[in-house]
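Data block for structure_12.csv (CSV, C-alpha atoms):
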chain,number,residue,atom,x,y,z
U,878,MET,CA,-9.2,13.4,19.6
U,879,PRO,CA,-8.5,13.1,15.9
U,880,LEU,CA,-7.8,9.9,14.1
U,881,ILE,CA,-4.3,10.0,12.7
U,882,LEU,CA,-3.1,8.5,9.4
U,883,ALA,CA,0.6,7.8,9.5
U,884,SER,CA,1.0,7.8,5.7
U,885,THR,CA,2.0,10.2,3.0
U,886,SER,CA,0.0,8.2,0.4
U,887,PRO,CA,-2.6,10.4,-1.3
U,888,ILE,CA,-4.7,7.4,-2.3
U,889,ARG,CA,-5.0,6.2,1.3
U,890,GLN,CA,-6.0,9.7,2.4
U,891,HIS,CA,-8.6,9.8,-0.4
U,892,LEU,CA,-10.0,6.4,0.4
U,893,LEU,CA,-10.6,7.2,4.0
U,894,ARG,CA,-12.1,10.6,3.3
U,895,GLN,CA,-14.4,9.2,0.6
U,896,ALA,CA,-15.6,6.7,3.2
U,897,GLY,CA,-16.4,9.6,5.6
U,898,VAL,CA,-13.4,9.1,7.9
U,899,GLU,CA,-11.6,12.3,8.7
U,900,VAL,CA,-8.0,11.9,9.6
U,901,LEU,CA,-5.1,14.1,10.6
U,902,VAL,CA,-2.2,13.1,8.3
U,903,LEU,CA,1.2,12.8,9.8
U,904,PRO,CA,4.2,11.3,8.0
U,905,PRO,CA,5.5,8.1,9.6
U,906,ARG,CA,9.0,8.2,11.1
U,907,ILE,CA,10.5,5.0,10.1
U,908,ASP,CA,13.4,3.9,7.9
U,909,GLU,CA,11.5,1.5,5.5
U,910,GLU,CA,14.6,0.2,3.9
U,911,ARG,CA,16.1,-0.7,7.3
U,912,VAL,CA,12.8,-2.5,8.3
U,913,LYS,CA,12.9,-4.4,5.0
U,914,GLN,CA,16.5,-5.5,5.4
U,915,ALA,CA,15.9,-6.7,8.9
U,916,HIS,CA,12.8,-8.7,7.9
U,917,ALA,CA,13.1,-12.4,7.4
U,918,GLY,CA,9.5,-13.4,6.6
U,919,ASP,CA,7.4,-13.4,3.4
U,920,ALA,CA,5.9,-10.4,1.6
U,921,PRO,CA,2.6,-10.4,3.4
U,922,SER,CA,4.3,-10.5,6.8
U,923,LEU,CA,6.6,-7.7,5.7
U,924,ALA,CA,3.6,-5.5,4.7
U,925,LEU,CA,2.1,-6.1,8.2
U,926,HIS,CA,5.4,-5.4,9.9
U,927,LEU,CA,5.7,-2.1,8.0
U,928,ALA,CA,2.1,-1.1,8.7
U,929,GLU,CA,2.6,-1.7,12.4
U,930,ALA,CA,5.9,0.2,12.4
U,931,LYS,CA,4.3,3.2,10.8
U,932,ALA,CA,1.4,3.2,13.2
U,933,LEU,CA,3.8,3.0,16.2
U,934,SER,CA,6.1,5.7,14.8
U,935,VAL,CA,3.7,8.6,15.4
U,936,ASP,CA,3.8,9.9,19.0
U,937,ALA,CA,0.3,11.1,19.7
U,938,PRO,CA,-0.8,10.2,23.3
U,939,GLY,CA,-4.3,8.9,23.5
U,940,ALA,CA,-4.9,9.1,19.7
U,941,LEU,CA,-5.6,6.1,17.5
U,942,VAL,CA,-3.0,5.9,14.7
U,943,ILE,CA,-3.6,4.1,11.4
U,944,GLY,CA,-0.5,2.7,9.7
U,945,SER,CA,-0.6,1.0,6.3
U,946,ASP,CA,1.8,-0.4,3.7
U,947,SER,CA,1.9,-2.7,0.7
U,948,THR,CA,4.4,-5.1,-0.7
U,949,LEU,CA,4.6,-6.7,-4.1
U,950,SER,CA,6.3,-9.9,-5.1
U,951,VAL,CA,6.7,-11.6,-8.5
U,952,ASP,CA,8.0,-15.2,-8.6
U,953,GLY,CA,9.1,-14.8,-5.0
U,954,ARG,CA,11.1,-11.7,-5.7
U,955,LEU,CA,10.2,-8.7,-3.6
U,956,PHE,CA,10.0,-5.3,-5.4
U,957,SER,CA,10.2,-1.9,-3.8
U,958,LYS,CA,9.0,1.5,-5.2
U,959,PRO,CA,11.0,2.4,-8.3
U,960,ARG,CA,14.0,4.7,-7.6
U,961,ASP,CA,13.5,6.6,-10.9
U,962,ARG,CA,11.9,6.2,-14.3
U,963,ALA,CA,14.5,3.8,-15.7
U,964,ASP,CA,14.0,1.6,-12.6
U,965,ALA,CA,10.2,1.8,-13.2
U,966,ALA,CA,10.7,0.6,-16.8
U,967,ARG,CA,12.8,-2.4,-15.5
U,968,HIS,CA,10.1,-3.3,-13.0
U,969,LEU,CA,7.4,-3.2,-15.6
U,970,ALA,CA,9.5,-5.4,-17.9
U,971,ALA,CA,10.0,-7.9,-15.0
U,972,PHE,CA,6.3,-7.9,-14.3
U,973,SER,CA,5.4,-8.6,-18.0
U,974,GLY,CA,3.5,-11.8,-18.5
U,975,ARG,CA,3.7,-12.7,-14.8
U,976,GLU,CA,1.5,-12.8,-11.8
U,977,MET,CA,2.0,-10.3,-9.0
U,978,LEU,CA,1.2,-11.0,-5.4
U,979,LEU,CA,0.2,-7.7,-3.8
U,980,SER,CA,-0.1,-7.7,0.0
U,981,SER,CA,-1.7,-4.6,1.7
U,982,ALA,CA,-1.7,-4.3,5.5
U,983,VAL,CA,-3.2,-1.9,8.0
U,984,ALA,CA,-2.7,-1.5,11.7
U,985,LEU,CA,-4.1,0.5,14.5
U,986,ALA,CA,-1.9,1.7,17.4
U,987,ARG,CA,-2.6,3.7,20.5
U,988,ASP,CA,0.0,4.8,23.1
U,989,GLY,CA,2.8,2.7,21.7
U,990,ARG,CA,0.7,-0.5,21.4
U,991,ILE,CA,-0.8,-2.3,18.4
U,992,GLU,CA,-4.6,-2.7,19.1
U,993,TRP,CA,-5.5,-4.3,15.8
U,994,SER,CA,-3.9,-5.3,12.5
U,995,HIS,CA,-4.9,-7.0,9.2
U,996,VAL,CA,-3.2,-8.1,6.0
U,997,ASP,CA,-5.0,-8.9,2.8
U,998,ARG,CA,-3.7,-10.2,-0.6
U,999,ALA,CA,-4.6,-9.7,-4.2
U,1000,THR,CA,-3.3,-11.5,-7.3
U,1001,LEU,CA,-2.8,-9.5,-10.5
U,1002,LYS,CA,-2.0,-11.2,-13.8
U,1003,VAL,CA,0.1,-8.8,-15.9
U,1004,ARG,CA,-0.4,-9.0,-19.6
U,1005,THR,CA,2.7,-9.2,-21.9
U,1006,LEU,CA,4.0,-5.6,-22.1
U,1007,SER,CA,6.0,-4.4,-25.1
U,1008,PRO,CA,8.9,-2.0,-24.6
U,1009,ALA,CA,6.9,0.5,-26.7
U,1010,PHE,CA,3.9,0.2,-24.4
U,1011,ILE,CA,6.1,0.5,-21.3
U,1012,ASP,CA,7.6,3.7,-22.6
U,1013,ALA,CA,4.2,5.2,-23.6
U,1014,TYR,CA,2.7,4.2,-20.3
U,1015,LEU,CA,5.5,5.9,-18.3
U,1016,ASP,CA,5.2,9.0,-20.6
U,1017,ALA,CA,1.6,9.2,-19.4
U,1018,GLU,CA,1.9,8.1,-15.8
U,1019,TRP,CA,5.4,9.2,-14.6
U,1020,PRO,CA,6.0,10.6,-12.0
U,1021,ASP,CA,2.5,9.9,-10.5
U,1022,VAL,CA,3.4,6.1,-10.2
U,1023,ALA,CA,6.8,6.8,-8.6
U,1024,TYR,CA,5.3,6.2,-5.1
U,1025,CYS,CA,3.6,3.0,-6.2
U,1026,VAL,CA,5.3,-0.3,-5.4
U,1027,GLY,CA,3.8,-1.9,-8.6
U,1028,VAL,CA,4.3,1.2,-10.8
U,1029,PHE,CA,0.6,1.5,-11.3
U,1030,ARG,CA,-2.5,3.3,-10.1
U,1031,MET,CA,-5.7,1.5,-10.7
U,1032,GLU,CA,-7.4,4.9,-10.5
U,1033,GLY,CA,-5.1,5.9,-13.5
U,1034,ARG,CA,-4.0,3.9,-16.5
U,1035,GLY,CA,-2.8,1.0,-14.4
U,1036,ALA,CA,-5.8,-1.1,-15.3
U,1037,SER,CA,-4.3,-1.4,-18.8
U,1038,LEU,CA,-1.4,-3.5,-17.4
U,1039,PHE,CA,-3.6,-6.5,-16.5
U,1040,ASP,CA,-5.4,-9.4,-18.0
U,1041,ALA,CA,-7.0,-10.5,-14.7
U,1042,VAL,CA,-7.2,-9.3,-11.1
U,1043,GLU,CA,-8.4,-11.3,-8.0
U,1044,GLY,CA,-8.9,-9.5,-4.7
U,1045,SER,CA,-10.4,-6.5,-3.1
U,1046,HIS,CA,-10.3,-3.3,-5.0
U,1047,PHE,CA,-9.3,-1.4,-1.8
U,1048,THR,CA,-6.5,-3.9,-1.2
U,1049,ILE,CA,-5.2,-3.3,-4.7
U,1050,LEU,CA,-5.3,0.5,-4.0
U,1051,GLY,CA,-3.2,-0.1,-0.9
U,1052,LEU,CA,-5.6,-0.1,2.0
U,1053,PRO,CA,-7.8,-3.0,3.2
U,1054,LEU,CA,-10.6,-0.5,3.8
U,1055,LEU,CA,-13.5,-2.7,4.7
U,1056,PRO,CA,-11.7,-4.5,7.6
U,1057,LEU,CA,-10.3,-1.2,8.8
U,1058,LEU,CA,-13.8,0.4,8.8
U,1059,GLY,CA,-15.0,-2.6,10.9
U,1060,ALA,CA,-12.2,-2.1,13.4
U,1061,LEU,CA,-12.9,1.6,13.6
U,1062,ARG,CA,-16.6,1.0,14.2
U,1063,GLU,CA,-15.8,-1.5,17.0
U,1064,ARG,CA,-13.7,1.2,18.7
U,1065,GLY,CA,-16.4,3.9,18.3
U,1066,GLU,CA,-14.2,6.0,15.9
U,1067,VAL,CA,-16.8,5.9,13.1
U,1068,ALA,CA,-20.6,5.6,13.2
U,1069,ALA,CA,-21.9,2.1,13.7
How does this structure look as structure tokens?
Amino acid sequence: MPLILASTSPIRQHLLRQAGVEVLVLPPRIDEERVKQAHAGDAPSLALHLAEAKALSVDAPGALVIGSDSTLSVDGRLFSKPRDRADAARHLAAFSGREMLLSSAVALARDGRIEWSHVDRATLKVRTLSPAFIDAYLDAEWPDVAYCVGVFRMEGRGASLFDAVEGSHFTILGLPLLPLLGALRERGEVAA
């Protein structure tokens, strides 16, 4: 039975495939905004709640389903993916000179039940960004960063936004890959 990834994120698919994990990709069937509005906890618990909801949203009897999501907060304010380029520019201006808390979560579900979940955090110190830099950055990166909660791709020009980064590279890319691989090995889904 194939492993299922309940995500439309190209980077999550790429990370798994690069690690030798073949997945069948199915889009999750959840209303993320509704989940966010109903959530009363902090950003890391929201990332975990979203990852679990995505994993549970795919109906595939007997199959192991991977769900994953990330949240980003700055000074306690939770940010969502930008609605458009102007919104992305506003986000980048709000991040300028501040510290981001990026939380990435992953969950495994089978037959409507969460078998395992994990949330990891990374801290990213954004350098001071000038309006001219933000405009040039978006000229180069838009619309590729439209699906990114932090308006950056570390595998693109995103590294140029930061003075310092603390945390797992995989977590920053949006998938706590090493804990996930361990959970998959424990379940016999990948070679031990």
Legend entry - Which of U:Ile888, U:Val912, U:Leu893, U:Leu1038 sits closest to Ala928 of chain U [using only C-alpha atoms]: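 Using only C-alpha atoms, the shortest distance to Ala928 of chain U belongs to U:Val912.
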Inset, instruction - Return the single residue from U:Leu903, U:Val983, U:Leu1057, U:Ala1036 that is closest to Tyr1014 of chain U, with distances computed using all atoms listed in the file. - result: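 When distances to Tyr1014 of chain U are compared using all atoms listed in the file, the smallest one comes from U:Ala1036.
With only C-alpha atoms as the atoms that count, the minimum distance from Thr1005 of chain U to the choices U:Gly974, U:Gly1027, U:Gly1044, U:Pro1020 is reached by U:Gly974.
For the residues U:Thr1048, U:Ser922, U:Gln890, U:Thr1000, ranking by smallest atom-to-atom distance to Val951 of chain U using only C-alpha atoms places U:Thr1000 first.
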Legend entry - Residue contacts of Tyr1024 of chain U (10 Å, all atoms listed in the file) excluding same-chain residues fewer than 5 positions away, as a list in words: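 The filter keeps Thr885, Ser886, Pro887, Ser957, Lys958, Pro959, Arg960, Trp1019, Phe1029 and Arg1030 of chain U.
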Inset, instruction - Within 9 Å of Leu985 of chain U, counting all atoms listed in the file, which residues show up once you throw out same-chain ones fewer than 2 positions away? Write them as a PyMOL selection string, please. - result: chain U and resi 928-929+932-933+941-945+983+987+990-994+1057+1060-1061
Inset, instruction - Within 9 Å of Pro1053 of chain U, counting all atoms listed in the file, which residues show up once you throw out same-chain ones fewer than 6 positions away? Write them as a VMD selection string, please. - result: chain U and resid 945 981 to 983 995 to 997 1045 to 1047
Legend entry - atom CA of Ser1037 of chain U to atom CA of Val1003 of chain U, distance in Å rounded to a single decimal: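 Answer for the atom CA of Ser1037 of chain U to atom CA of Val1003 of chain U separation: 9.1 Å.
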Legend entry - One-decimal distance in Å that lies between atom CA of Ala915 of chain U and atom CA of Leu1001 of chain U: 27.1 Å
Inset, instruction - Just give me the gap between atom CA of Leu1052 of chain U and atom CA of Gly897 of chain U in Å, one decimal is fine. - result: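 Atom CA of Leu1052 of chain U sits 15.0 Å away from atom CA of Gly897 of chain U.
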Legend entry - For Pro905 of chain U: contacts at 7 Å, all atoms listed in the file, fewer than 5 positions along chain excluded, given as a PyMOL selection string: chain U and resi 883-884+931+934-935
Inset, instruction - Kindly indicate which residue among U:Ala937, U:Leu955, U:Lys1002, U:Arg1034 lies nearest to Gly918 of chain U, using all atoms listed in the file for the distances. - result: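 That would be U:Leu955, the residue with the smallest distance to Gly918 of chain U.
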Inset, instruction - With all atoms listed in the file counted, which protein, DNA or RNA residues have an atom no more than 12 Å from (-21.2, 5.3, 11.7) in the file frame? Please answer as a ChimeraX atom specification. - result: /U:896-898,1058-1069
Inset, instruction - Please check which residues have atoms at most 12 Å from (3.1, -10.3, -13.5) in the file's coordinates, counting only C-alpha atoms, and write them as a VMD selection string. - result: chain U and resid 949 to 954 956 968 to 979 1000 to 1006 1027 to 1028 1038 to 1042
For the selection just defined, write its residues with C-alpha atoms to a file, as an mmCIF file, in the frame of the given file.
data_model
loop_
_atom_site.group_PDB
_atom_site.id
_atom_site.type_symbol
_atom_site.label_atom_id
_atom_site.label_comp_id
_atom_site.auth_asym_id
_atom_site.auth_seq_id
_atom_site.Cartn_x
_atom_site.Cartn_y
_atom_site.Cartn_z
ATOM 1 C CA LEU U 949 4.600 -6.700 -4.100
ATOM 2 C CA SER U 950 6.300 -9.900 -5.100
ATOM 3 C CA VAL U 951 6.700 -11.600 -8.500
ATOM 4 C CA ASP U 952 8.000 -15.200 -8.600
ATOM 5 C CA GLY U 953 9.100 -14.800 -5.000
ATOM 6 C CA ARG U 954 11.100 -11.700 -5.700
ATOM 7 C CA PHE U 956 10.000 -5.300 -5.400
ATOM 8 C CA HIS U 968 10.100 -3.300 -13.000
ATOM 9 C CA LEU U 969 7.400 -3.200 -15.600
ATOM 10 C CA ALA U 970 9.500 -5.400 -17.900
ATOM 11 C CA ALA U 971 10.000 -7.900 -15.000
ATOM 12 C CA PHE U 972 6.300 -7.900 -14.300
ATOM 13 C CA SER U 973 5.400 -8.600 -18.000
ATOM 14 C CA GLY U 974 3.500 -11.800 -18.500
ATOM 15 C CA ARG U 975 3.700 -12.700 -14.800
ATOM 16 C CA GLU U 976 1.500 -12.800 -11.800
ATOM 17 C CA MET U 977 2.000 -10.300 -9.000
ATOM 18 C CA LEU U 978 1.200 -11.000 -5.400
ATOM 19 C CA LEU U 979 0.200 -7.700 -3.800
ATOM 20 C CA THR U 1000 -3.300 -11.500 -7.300
ATOM 21 C CA LEU U 1001 -2.800 -9.500 -10.500
ATOM 22 C CA LYS U 1002 -2.000 -11.200 -13.800
ATOM 23 C CA VAL U 1003 0.100 -8.800 -15.900
ATOM 24 C CA ARG U 1004 -0.400 -9.000 -19.600
ATOM 25 C CA THR U 1005 2.700 -9.200 -21.900
ATOM 26 C CA LEU U 1006 4.000 -5.600 -22.100
ATOM 27 C CA GLY U 1027 3.800 -1.900 -8.600
ATOM 28 C CA VAL U 1028 4.300 1.200 -10.800
ATOM 29 C CA LEU U 1038 -1.400 -3.500 -17.400
ATOM 30 C CA PHE U 1039 -3.600 -6.500 -16.500
ATOM 31 C CA ASP U 1040 -5.400 -9.400 -18.000
ATOM 32 C CA ALA U 1041 -7.000 -10.500 -14.700
ATOM 33 C CA VAL U 1042 -7.200 -9.300 -11.100
#
Legend entry - Selected residue, from U:Ala999, U:Ile1049, U:Ala986, U:Ala966, that lies nearest to Asp1016 of chain U when counting all atoms listed in the file: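 Selected residue with least distance to Asp1016 of chain U: U:Ala966.
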For Ala924 of chain U, please output as a short mmCIF file (atom, residue, chain, number, x, y, z; two decimals) with C-alpha atoms, keeping the file's coordinate frame all residues within 6 Å (counting all atoms listed in the file; exclusion window: fewer than 4 positions along the same chain).
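out.cif was written with the following content:
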data_model
loop_
_atom_site.label_atom_id
_atom_site.label_comp_id
_atom_site.auth_asym_id
_atom_site.auth_seq_id
_atom_site.Cartn_x
_atom_site.Cartn_y
_atom_site.Cartn_z
CA ASP U 946 1.80 -0.40 3.70
CA SER U 947 1.90 -2.70 0.70
CA THR U 948 4.40 -5.10 -0.70
CA ALA U 982 -1.70 -4.30 5.50
#
Please reconstruct the missing atoms of segment 1017-1052 of chain U (target: N, CA and C atoms) and return them as an mmCIF file, keeping the file's coordinate frame.
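The result, written out as part_17.cif:
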data_model
loop_
_atom_site.group_PDB
_atom_site.id
_atom_site.type_symbol
_atom_site.label_atom_id
_atom_site.label_comp_id
_atom_site.auth_asym_id
_atom_site.auth_seq_id
_atom_site.Cartn_x
_atom_site.Cartn_y
_atom_site.Cartn_z
ATOM 1 N N ALA U 1017 2.890 8.749 -19.892
ATOM 2 C CA ALA U 1017 1.600 9.200 -19.400
ATOM 3 C C ALA U 1017 1.499 9.233 -17.873
ATOM 4 N N GLU U 1018 2.146 8.289 -17.209
ATOM 5 C CA GLU U 1018 1.900 8.100 -15.800
ATOM 6 C C GLU U 1018 3.060 8.553 -14.864
ATOM 7 N N TRP U 1019 4.248 8.760 -15.399
ATOM 8 C CA TRP U 1019 5.400 9.200 -14.600
ATOM 9 C C TRP U 1019 5.282 10.678 -14.338
ATOM 10 N N PRO U 1020 5.475 11.229 -13.186
ATOM 11 C CA PRO U 1020 6.000 10.600 -12.000
ATOM 12 C C PRO U 1020 4.876 10.163 -10.991
ATOM 13 N N ASP U 1021 3.596 10.207 -11.414
ATOM 14 C CA ASP U 1021 2.500 9.900 -10.500
ATOM 15 C C ASP U 1021 2.621 8.443 -9.941
ATOM 16 N N VAL U 1022 3.247 7.524 -10.684
ATOM 17 C CA VAL U 1022 3.400 6.100 -10.200
ATOM 18 C C VAL U 1022 4.699 5.903 -9.472
ATOM 19 N N ALA U 1023 5.473 6.957 -9.257
ATOM 20 C CA ALA U 1023 6.800 6.800 -8.600
ATOM 21 C C ALA U 1023 6.620 6.304 -7.154
ATOM 22 N N TYR U 1024 5.521 6.638 -6.491
ATOM 23 C CA TYR U 1024 5.300 6.200 -5.100
ATOM 24 C C TYR U 1024 4.606 4.863 -5.007
ATOM 25 N N CYS U 1025 4.334 4.220 -6.149
ATOM 26 C CA CYS U 1025 3.600 3.000 -6.200
ATOM 27 C C CYS U 1025 4.495 1.777 -6.334
ATOM 28 N N VAL U 1026 4.397 0.837 -5.412
ATOM 29 C CA VAL U 1026 5.300 -0.300 -5.400
ATOM 30 C C VAL U 1026 5.146 -1.117 -6.732
ATOM 31 N N GLY U 1027 3.979 -1.163 -7.316
ATOM 32 C CA GLY U 1027 3.800 -1.900 -8.600
ATOM 33 C C GLY U 1027 3.848 -1.068 -9.809
ATOM 34 N N VAL U 1028 4.227 0.193 -9.672
ATOM 35 C CA VAL U 1028 4.300 1.200 -10.800
ATOM 36 C C VAL U 1028 2.986 1.309 -11.493
ATOM 37 N N PHE U 1029 1.899 1.252 -10.721
ATOM 38 C CA PHE U 1029 0.600 1.500 -11.300
ATOM 39 C C PHE U 1029 -0.358 2.091 -10.324
ATOM 40 N N ARG U 1030 -1.333 2.784 -10.875
ATOM 41 C CA ARG U 1030 -2.500 3.300 -10.100
ATOM 42 C C ARG U 1030 -3.716 2.788 -10.800
ATOM 43 N N MET U 1031 -4.488 2.000 -10.092
ATOM 44 C CA MET U 1031 -5.700 1.500 -10.700
ATOM 45 C C MET U 1031 -6.669 2.655 -11.011
ATOM 46 N N GLU U 1032 -6.538 3.752 -10.271
ATOM 47 C CA GLU U 1032 -7.400 4.900 -10.500
ATOM 48 C C GLU U 1032 -6.816 5.732 -11.696
ATOM 49 N N GLY U 1033 -5.699 5.303 -12.266
ATOM 50 C CA GLY U 1033 -5.100 5.900 -13.500
ATOM 51 C C GLY U 1033 -5.150 4.919 -14.597
ATOM 52 N N ARG U 1034 -4.076 4.867 -15.364
ATOM 53 C CA ARG U 1034 -4.000 3.900 -16.500
ATOM 54 C C ARG U 1034 -3.541 2.548 -16.117
ATOM 55 N N GLY U 1035 -3.362 2.316 -14.836
ATOM 56 C CA GLY U 1035 -2.800 1.000 -14.400
ATOM 57 C C GLY U 1035 -3.651 -0.166 -14.792
ATOM 58 N N ALA U 1036 -4.964 -0.015 -14.929
ATOM 59 C CA ALA U 1036 -5.800 -1.100 -15.300
ATOM 60 C C ALA U 1036 -5.356 -1.730 -16.669
ATOM 61 N N SER U 1037 -4.734 -0.916 -17.507
ATOM 62 C CA SER U 1037 -4.300 -1.400 -18.800
ATOM 63 C C SER U 1037 -3.131 -2.362 -18.762
ATOM 64 N N LEU U 1038 -2.541 -2.561 -17.585
ATOM 65 C CA LEU U 1038 -1.400 -3.500 -17.400
ATOM 66 C C LEU U 1038 -1.871 -4.939 -17.266
ATOM 67 N N PHE U 1039 -3.151 -5.165 -16.942
ATOM 68 C CA PHE U 1039 -3.600 -6.500 -16.500
ATOM 69 C C PHE U 1039 -4.537 -7.203 -17.357
ATOM 70 N N ASP U 1040 -4.397 -8.550 -17.322
ATOM 71 C CA ASP U 1040 -5.400 -9.400 -18.000
ATOM 72 C C ASP U 1040 -6.443 -9.855 -16.968
ATOM 73 N N ALA U 1041 -6.055 -10.009 -15.700
ATOM 74 C CA ALA U 1041 -7.000 -10.500 -14.700
ATOM 75 C C ALA U 1041 -6.531 -9.962 -13.305
ATOM 76 N N VAL U 1042 -7.502 -9.758 -12.429
ATOM 77 C CA VAL U 1042 -7.200 -9.300 -11.100
ATOM 78 C C VAL U 1042 -8.157 -10.065 -10.130
ATOM 79 N N GLU U 1043 -7.582 -10.587 -9.049
ATOM 80 C CA GLU U 1043 -8.400 -11.300 -8.000
ATOM 81 C C GLU U 1043 -8.048 -10.621 -6.679
ATOM 82 N N GLY U 1044 -9.085 -10.137 -6.005
ATOM 83 C CA GLY U 1044 -8.900 -9.500 -4.700
ATOM 84 C C GLY U 1044 -9.667 -8.249 -4.571
ATOM 85 N N SER U 1045 -9.674 -7.718 -3.376
ATOM 86 C CA SER U 1045 -10.400 -6.500 -3.100
ATOM 87 C C SER U 1045 -9.818 -5.301 -3.802
ATOM 88 N N HIS U 1046 -10.699 -4.516 -4.367
ATOM 89 C CA HIS U 1046 -10.300 -3.300 -5.000
ATOM 90 C C HIS U 1046 -9.506 -2.382 -4.075
ATOM 91 N N PHE U 1047 -9.966 -2.295 -2.828
ATOM 92 C CA PHE U 1047 -9.300 -1.400 -1.800
ATOM 93 C C PHE U 1047 -7.913 -1.965 -1.505
ATOM 94 N N THR U 1048 -7.781 -3.280 -1.421
ATOM 95 C CA THR U 1048 -6.500 -3.900 -1.200
ATOM 96 C C THR U 1048 -5.515 -3.526 -2.292
ATOM 97 N N ILE U 1049 -5.996 -3.592 -3.517
ATOM 98 C CA ILE U 1049 -5.200 -3.300 -4.700
ATOM 99 C C ILE U 1049 -4.762 -1.790 -4.645
ATOM 100 N N LEU U 1050 -5.641 -0.944 -4.145
ATOM 101 C CA LEU U 1050 -5.300 0.500 -4.000
ATOM 102 C C LEU U 1050 -4.358 0.752 -2.853
ATOM 103 N N GLY U 1051 -4.152 -0.246 -1.985
ATOM 104 C CA GLY U 1051 -3.200 -0.100 -0.900
ATOM 105 C C GLY U 1051 -3.679 0.039 0.483
ATOM 106 N N LEU U 1052 -4.991 -0.205 0.675
ATOM 107 C CA LEU U 1052 -5.600 -0.100 2.000
ATOM 108 C C LEU U 1052 -6.736 -1.055 2.146
#
